[in-house]
Amino acid sequence: MKSSLLLLFLFSLYTLPLFSQGKNEVHYTEDILLGKSEAQLYNDTLPLAIPAAKAFIKMYKAAKKEGILLEIVSGYRSYERQKSIWNRKYKANEAAGLSPSENIKKIIEYSTLPGTSRHHWGTDVDLIDGSKTKEGDVLVAEKFHGNGPYVRMKSWMDQNANRFGFFLPYTNDSLRPGFYYEPWHYSYAPLSIPLLQSYLKMDLNKVLITDGLEGRASLTPVFVKEYFEKNILGIDGRLK
């Protein structure tokens with residue numbers, strides 16, 4: 001009983017519109033899971049749910065002692081923000097001559113359908129080393145390997161991120177399906193795991209296909225099922 005109450009208290013720091021049902025089980029509203037309600041974030045400069053932000057601050061301070069400045073490129077992202085990203089990419093691909101199926105396949109190499117982004121939860125963050133000069137697109141895998149500017153940061157994160165609760169969802173594992181490898185993307189497991197467990201109980205066919213979403217005619221139940229199995233579940237096993 002004590003552990004159940006403690007869990008509910010910790011997660012209530014993240015958001016109030018949730019309820020507890022059963023021992024050690026937390027459920028979230030659809031609006032929270034889909035990024036359609038305003039998240040309770042730490043602050044504007046640290047756009048993460050409060051428990052995730054507090055853990056990030058500890059990790060930031062530890063990295064700073066080693067001369068690494070963990071800079072957030074992207075934290076919490078609303079449904080509408082993700083929808084605008086999706087529509088912009090879809091229109092650009094369409095203008096380049098891609099068919100609807102090719103278009104969607106191209107987008108989901110790295111970007112999610114609105115309503116399916118882990119960034120909706122305030123638990124996930126894209127990071128670079130802010131002490132390095134920025135040139136062009138910073139979120140490309142090559143910059144975290146070889147002679148890239150973020151190699152030292154990646155090495156430090158490989159050794160230390162887990163002890164602060166942060167894990168890479170999209171690892172460089174050839175057997176992992178779904179989104180491409182993202183060495184910059186970290187998820188705060190103590191929050192993202194129960195959020196995912198609640199998320200998996202939803203019927204995505206009912207909530208994902210919304211007005212104004214480019215390419216929605218191609219988002220068939222068959223596609224959604226495959227996307228669910230490969231992309232939503234195509235993460236490091238420690239985050240399930």
# chains A, B, ... in the order shown; residues from 1 in each chain; ligands from 1

$ select_by_dssp --residues "range 80-133 of chain A" --states "helix (DSSP H, G or I)" --output "list in words"
Glu80, Arg81, Gln82, Lys83, Ser84, Ile85, Trp86, Asn87, Arg88, Lys89, Tyr90, Lys91, Ala92, Asn93, Glu94, Ala95, Pro100, Ser101, Glu102, Asn103, Ile104, Lys105, Lys106, Ile107, Arg118, His119, His120 and Trp121 of chain A

$ select_by_dssp --residues "range 73-155 of chain A" --states "strand (DSSP E or B)" --output "ChimeraX atom specification"
/A:73-74,124-129

$ closest_residue --among "A:Glu214, A:Asp236, A:Asp31, A:Glu229" --to "Glu94 in chain A" --atoms "only C-alpha atoms"
A:Glu214

$ closest_residue --among "A:Ile232, A:Ala96, A:Ile104, A:Leu168" --to "Thr220 in chain A" --atoms "only C-alpha atoms"
A:Ile104

$ residues_around --residues "Leu239 in chain A" --least-positions-apart "2" --cutoff "8 Å" --atoms "only C-alpha atoms" --output "ChimeraX atom specification"
/A:167,169,189,192-193,235-237

$ write_last_selection --atoms "N, CA and C atoms" --output "PDB file, in the first residue's frame"
ATOM      1  N   PHE A 167      17.840   6.916 -20.865  1.00  0.00           N
ATOM      2  CA  PHE A 167      18.226   5.843 -21.774  1.00  0.00           C
ATOM      3  C   PHE A 167      17.952   6.265 -23.212  1.00  0.00           C
ATOM      4  N   PRO A 169      16.200   5.570 -26.497  1.00  0.00           N
ATOM      5  CA  PRO A 169      15.141   4.709 -27.029  1.00  0.00           C
ATOM      6  C   PRO A 169      15.532   4.074 -28.362  1.00  0.00           C
ATOM      7  N   ALA A 189      13.382   7.139 -17.986  1.00  0.00           N
ATOM      8  CA  ALA A 189      12.663   5.874 -17.820  1.00  0.00           C
ATOM      9  C   ALA A 189      11.670   5.837 -16.663  1.00  0.00           C
ATOM     10  N   SER A 192       8.715   7.600 -18.342  1.00  0.00           N
ATOM     11  CA  SER A 192       8.293   7.185 -19.677  1.00  0.00           C
ATOM     12  C   SER A 192       7.798   5.743 -19.710  1.00  0.00           C
ATOM     13  N   ILE A 193       8.280   4.892 -18.818  1.00  0.00           N
ATOM     14  CA  ILE A 193       7.812   3.495 -18.802  1.00  0.00           C
ATOM     15  C   ILE A 193       6.332   3.410 -18.428  1.00  0.00           C
ATOM     16  N   ILE A 235      11.933   0.179 -29.578  1.00  0.00           N
ATOM     17  CA  ILE A 235      12.792   0.942 -28.653  1.00  0.00           C
ATOM     18  C   ILE A 235      13.641  -0.014 -27.832  1.00  0.00           C
ATOM     19  N   ASP A 236      14.614   0.549 -27.128  1.00  0.00           N
ATOM     20  CA  ASP A 236      15.438  -0.225 -26.181  1.00  0.00           C
ATOM     21  C   ASP A 236      14.502  -0.972 -25.227  1.00  0.00           C
ATOM     22  N   GLY A 237      14.762  -2.264 -25.043  1.00  0.00           N
ATOM     23  CA  GLY A 237      13.906  -3.095 -24.209  1.00  0.00           C
ATOM     24  C   GLY A 237      13.780  -2.624 -22.776  1.00  0.00           C
TER      25      GLY A 237
END

$ closest_residue --among "A:Asp173, A:Glu182, A:Glu30, A:Glu80" --to "Glu109 in chain A" --atoms "only C-alpha atoms"
A:Glu182

$ atom_distance --atom1 "CA of Tyr76 in chain A" --atom2 "CA of Pro114 in chain A"
12.9 Å

$ residues_around --residues "Tyr110 in chain A" --least-positions-apart "2" --cutoff "8 Å" --atoms "only C-alpha atoms" --output "ChimeraX atom specification"
/A:107-108,112,179-180

$ write_last_selection --atoms "N, CA and C atoms" --output "mmCIF file, in the first residue's frame"
data_model
loop_
_atom_site.group_PDB
_atom_site.id
_atom_site.type_symbol
_atom_site.label_atom_id
_atom_site.label_comp_id
_atom_site.auth_asym_id
_atom_site.auth_seq_id
_atom_site.Cartn_x
_atom_site.Cartn_y
_atom_site.Cartn_z
ATOM 1 N N ILE A 107 9.109 10.118 -43.992
ATOM 2 C CA ILE A 107 8.959 10.909 -42.767
ATOM 3 C C ILE A 107 9.260 10.079 -41.529
ATOM 4 N N ILE A 108 8.758 8.844 -41.499
ATOM 5 C CA ILE A 108 8.895 8.047 -40.275
ATOM 6 C C ILE A 108 10.256 7.361 -40.151
ATOM 7 N N THR A 112 7.798 11.276 -35.976
ATOM 8 C CA THR A 112 6.629 10.497 -35.590
ATOM 9 C C THR A 112 5.336 11.133 -36.076
ATOM 10 N N PHE A 179 12.070 3.532 -36.071
ATOM 11 C CA PHE A 179 12.819 4.759 -36.332
ATOM 12 C C PHE A 179 14.327 4.508 -36.390
ATOM 13 N N TYR A 180 14.984 5.312 -37.186
ATOM 14 C CA TYR A 180 16.431 5.202 -37.329
ATOM 15 C C TYR A 180 17.126 5.560 -36.005
#

$ residues_around --residues "range 46-62 of chain A" --least-positions-apart "6" --cutoff "10 Å" --atoms "only C-alpha atoms" --output "PDB file with C-alpha atoms, in the first residue's frame"
ATOM      1  CA  LEU A  10       5.635  10.942  -7.589  1.00  0.00           C
ATOM      2  CA  PHE A  11       3.696  10.807 -10.813  1.00  0.00           C
ATOM      3  CA  SER A  12       1.232  13.449  -9.647  1.00  0.00           C
ATOM      4  CA  LEU A  13       4.191  15.823  -9.689  1.00  0.00           C
ATOM      5  CA  TYR A  14       4.157  15.388 -13.438  1.00  0.00           C
ATOM      6  CA  THR A  15       0.476  15.938 -14.066  1.00  0.00           C
ATOM      7  CA  ALA A  39       2.069  19.582 -19.675  1.00  0.00           C
ATOM      8  CA  GLN A  40       3.271  20.727 -16.284  1.00  0.00           C
ATOM      9  CA  ILE A  68      30.458  18.995 -21.290  1.00  0.00           C
ATOM     10  CA  LEU A  69      27.454  21.330 -21.551  1.00  0.00           C
ATOM     11  CA  LEU A  70      24.287  19.315 -22.119  1.00  0.00           C
ATOM     12  CA  GLU A  71      22.140  21.566 -24.290  1.00  0.00           C
ATOM     13  CA  ILE A  72      18.493  20.774 -24.987  1.00  0.00           C
ATOM     14  CA  SER A  74      14.077  19.684 -28.098  1.00  0.00           C
ATOM     15  CA  GLY A  75      12.157  18.661 -24.982  1.00  0.00           C
ATOM     16  CA  TYR A  76       8.382  18.648 -24.559  1.00  0.00           C
ATOM     17  CA  ARG A  77       6.497  18.888 -27.844  1.00  0.00           C
ATOM     18  CA  HIS A 119       8.262  14.114 -26.644  1.00  0.00           C
ATOM     19  CA  HIS A 120       4.536  14.583 -25.880  1.00  0.00           C
ATOM     20  CA  TRP A 121       5.153  13.218 -22.389  1.00  0.00           C
ATOM     21  CA  GLY A 122       7.812  15.667 -21.198  1.00  0.00           C
ATOM     22  CA  THR A 123      10.112  12.714 -20.533  1.00  0.00           C
ATOM     23  CA  ASP A 124      12.264  12.760 -23.663  1.00  0.00           C
ATOM     24  CA  VAL A 125      14.944  15.169 -24.749  1.00  0.00           C
ATOM     25  CA  TRP A 156      30.155  10.473 -21.336  1.00  0.00           C
ATOM     26  CA  MET A 157      26.444   9.791 -21.781  1.00  0.00           C
ATOM     27  CA  ASN A 160      26.698   7.949 -17.124  1.00  0.00           C
ATOM     28  CA  ALA A 161      23.197   8.668 -18.474  1.00  0.00           C
ATOM     29  CA  ASN A 162      21.642   5.480 -17.107  1.00  0.00           C
ATOM     30  CA  ARG A 163      22.534   6.269 -13.508  1.00  0.00           C
ATOM     31  CA  PHE A 164      20.392   9.414 -13.786  1.00  0.00           C
ATOM     32  CA  GLY A 165      17.503   7.443 -15.298  1.00  0.00           C
ATOM     33  CA  PHE A 166      18.057   8.404 -18.957  1.00  0.00           C
ATOM     34  CA  SER A 187      14.189   9.185 -22.336  1.00  0.00           C
ATOM     35  CA  TYR A 188      13.684   9.453 -18.578  1.00  0.00           C
ATOM     36  CA  ALA A 189      12.663   5.874 -17.820  1.00  0.00           C
ATOM     37  CA  PRO A 190      11.008   6.286 -14.376  1.00  0.00           C
ATOM     38  CA  LEU A 191       8.282   8.356 -16.069  1.00  0.00           C
ATOM     39  CA  SER A 192       8.293   7.185 -19.677  1.00  0.00           C
TER      40      SER A 192
END

$ closest_residue --among "A:His145, A:Lys154, A:Lys83, A:Lys132" --to "Ile209 in chain A" --atoms "only C-alpha atoms"
A:Lys83

$ closest_residue --among "A:Thr45, A:Thr116, A:Ser99, A:Ser78" --to "Leu204 in chain A" --atoms "only C-alpha atoms"
A:Thr116

$ atom_distance --atom1 "CA of Asp211 in chain A" --atom2 "CA of Trp86 in chain A"
13.2 Å

$ residues_around --residues "Leu195 in chain A" --least-positions-apart "4" --cutoff "9 Å" --atoms "only C-alpha atoms" --output "VMD selection string"
chain A and resid 26 to 28 33 121 191 199 to 200

$ closest_residue --among "A:Ala92, A:Leu127, A:Ser198, A:Ser84" --to "Val140 in chain A" --atoms "only C-alpha atoms"
A:Leu127

$ residues_around --residues "Asn231 in chain A" --least-positions-apart "2" --cutoff "7 Å" --atoms "only C-alpha atoms" --output "ChimeraX atom specification"
/A:177-179,227-229,233-234

$ write_last_selection --atoms "C-alpha atoms" --output "mmCIF file, in the first residue's frame"
data_model
loop_
_atom_site.group_PDB
_atom_site.id
_atom_site.type_symbol
_atom_site.label_atom_id
_atom_site.label_comp_id
_atom_site.auth_asym_id
_atom_site.auth_seq_id
_atom_site.Cartn_x
_atom_site.Cartn_y
_atom_site.Cartn_z
ATOM 1 C CA PRO A 177 12.852 -2.042 -36.063
ATOM 2 C CA GLY A 178 11.219 1.335 -36.573
ATOM 3 C CA PHE A 179 12.819 4.759 -36.332
ATOM 4 C CA TYR A 227 3.630 1.429 -37.201
ATOM 5 C CA PHE A 228 2.568 0.483 -33.669
ATOM 6 C CA GLU A 229 4.604 -2.737 -33.678
ATOM 7 C CA LEU A 233 7.570 -0.558 -29.757
ATOM 8 C CA GLY A 234 10.864 -0.364 -31.671
#

$ atom_distance --atom1 "CA of Lys91 in chain A" --atom2 "CA of Leu139 in chain A"
21.5 Å

$ decode --residues "range 114-141 of chain A" --atoms "N, CA and C atoms" --output "mmCIF file, in the first residue's frame"
data_model
loop_
_atom_site.group_PDB
_atom_site.id
_atom_site.type_symbol
_atom_site.label_atom_id
_atom_site.label_comp_id
_atom_site.auth_asym_id
_atom_site.auth_seq_id
_atom_site.Cartn_x
_atom_site.Cartn_y
_atom_site.Cartn_z
ATOM 1 N N PRO A 114 1.899 12.745 -35.333
ATOM 2 C CA PRO A 114 1.428 13.477 -34.148
ATOM 3 C C PRO A 114 0.529 12.582 -33.313
ATOM 4 N N GLY A 115 0.743 12.625 -32.011
ATOM 5 C CA GLY A 115 0.017 11.744 -31.102
ATOM 6 C C GLY A 115 0.803 10.515 -30.724
ATOM 7 N N THR A 116 1.967 10.311 -31.364
ATOM 8 C CA THR A 116 2.781 9.133 -31.049
ATOM 9 C C THR A 116 4.198 9.495 -30.598
ATOM 10 N N SER A 117 4.492 10.779 -30.502
ATOM 11 C CA SER A 117 5.846 11.186 -30.118
ATOM 12 C C SER A 117 6.076 11.018 -28.611
ATOM 13 N N ARG A 118 7.206 10.465 -28.245
ATOM 14 C CA ARG A 118 7.578 10.369 -26.838
ATOM 15 C C ARG A 118 7.825 11.758 -26.244
ATOM 16 N N HIS A 119 8.086 12.730 -27.103
ATOM 17 C CA HIS A 119 8.262 14.114 -26.644
ATOM 18 C C HIS A 119 6.963 14.696 -26.084
ATOM 19 N N HIS A 120 5.808 14.101 -26.426
ATOM 20 C CA HIS A 120 4.536 14.583 -25.880
ATOM 21 C C HIS A 120 4.483 14.452 -24.361
ATOM 22 N N TRP A 121 5.273 13.560 -23.813
ATOM 23 C CA TRP A 121 5.153 13.218 -22.389
ATOM 24 C C TRP A 121 6.010 14.097 -21.467
ATOM 25 N N GLY A 122 6.913 14.877 -22.036
ATOM 26 C CA GLY A 122 7.812 15.667 -21.198
ATOM 27 C C GLY A 122 8.894 14.829 -20.551
ATOM 28 N N THR A 123 9.118 13.633 -21.091
ATOM 29 C CA THR A 123 10.112 12.714 -20.533
ATOM 30 C C THR A 123 11.332 12.559 -21.430
ATOM 31 N N ASP A 124 11.218 13.009 -22.679
ATOM 32 C CA ASP A 124 12.264 12.760 -23.663
ATOM 33 C C ASP A 124 12.898 14.058 -24.127
ATOM 34 N N VAL A 125 14.188 13.965 -24.452
ATOM 35 C CA VAL A 125 14.944 15.169 -24.749
ATOM 36 C C VAL A 125 16.009 14.868 -25.792
ATOM 37 N N ASP A 126 16.211 15.816 -26.719
ATOM 38 C CA ASP A 126 17.289 15.740 -27.707
ATOM 39 C C ASP A 126 18.424 16.627 -27.226
ATOM 40 N N LEU A 127 19.637 16.060 -27.169
ATOM 41 C CA LEU A 127 20.766 16.760 -26.556
ATOM 42 C C LEU A 127 21.961 16.877 -27.485
ATOM 43 N N ILE A 128 22.684 17.979 -27.330
ATOM 44 C CA ILE A 128 23.994 18.148 -27.950
ATOM 45 C C ILE A 128 24.920 18.743 -26.893
ATOM 46 N N ASP A 129 26.191 18.852 -27.236
ATOM 47 C CA ASP A 129 27.155 19.517 -26.361
ATOM 48 C C ASP A 129 27.195 20.994 -26.740
ATOM 49 N N GLY A 130 26.626 21.829 -25.874
ATOM 50 C CA GLY A 130 26.538 23.249 -26.157
ATOM 51 C C GLY A 130 27.860 23.986 -26.152
ATOM 52 N N SER A 131 28.927 23.314 -25.719
ATOM 53 C CA SER A 131 30.240 23.971 -25.720
ATOM 54 C C SER A 131 30.885 23.942 -27.103
ATOM 55 N N LYS A 132 30.279 23.214 -28.033
ATOM 56 C CA LYS A 132 30.833 23.084 -29.378
ATOM 57 C C LYS A 132 30.142 24.040 -30.347
ATOM 58 N N THR A 133 30.877 24.474 -31.354
ATOM 59 C CA THR A 133 30.323 25.353 -32.374
ATOM 60 C C THR A 133 29.269 24.627 -33.189
ATOM 61 N N LYS A 134 28.145 25.280 -33.418
ATOM 62 C CA LYS A 134 27.054 24.663 -34.183
ATOM 63 C C LYS A 134 27.206 24.997 -35.659
ATOM 64 N N GLU A 135 27.138 23.965 -36.488
ATOM 65 C CA GLU A 135 27.201 24.145 -37.928
ATOM 66 C C GLU A 135 26.155 23.260 -38.584
ATOM 67 N N GLY A 136 25.208 23.886 -39.277
ATOM 68 C CA GLY A 136 24.182 23.129 -39.973
ATOM 69 C C GLY A 136 23.271 22.378 -39.016
ATOM 70 N N ASP A 137 22.725 21.260 -39.504
ATOM 71 C CA ASP A 137 21.832 20.431 -38.696
ATOM 72 C C ASP A 137 22.668 19.725 -37.625
ATOM 73 N N VAL A 138 22.319 19.937 -36.371
ATOM 74 C CA VAL A 138 23.118 19.356 -35.286
ATOM 75 C C VAL A 138 22.699 17.928 -34.967
ATOM 76 N N LEU A 139 21.449 17.567 -35.305
ATOM 77 C CA LEU A 139 20.953 16.236 -34.961
ATOM 78 C C LEU A 139 21.127 15.266 -36.129
ATOM 79 N N VAL A 140 22.379 14.950 -36.393
ATOM 80 C CA VAL A 140 22.725 13.925 -37.383
ATOM 81 C C VAL A 140 23.718 12.974 -36.724
ATOM 82 N N ALA A 141 23.548 11.693 -36.985
ATOM 83 C CA ALA A 141 24.320 10.666 -36.273
ATOM 84 C C ALA A 141 25.825 10.835 -36.442
#
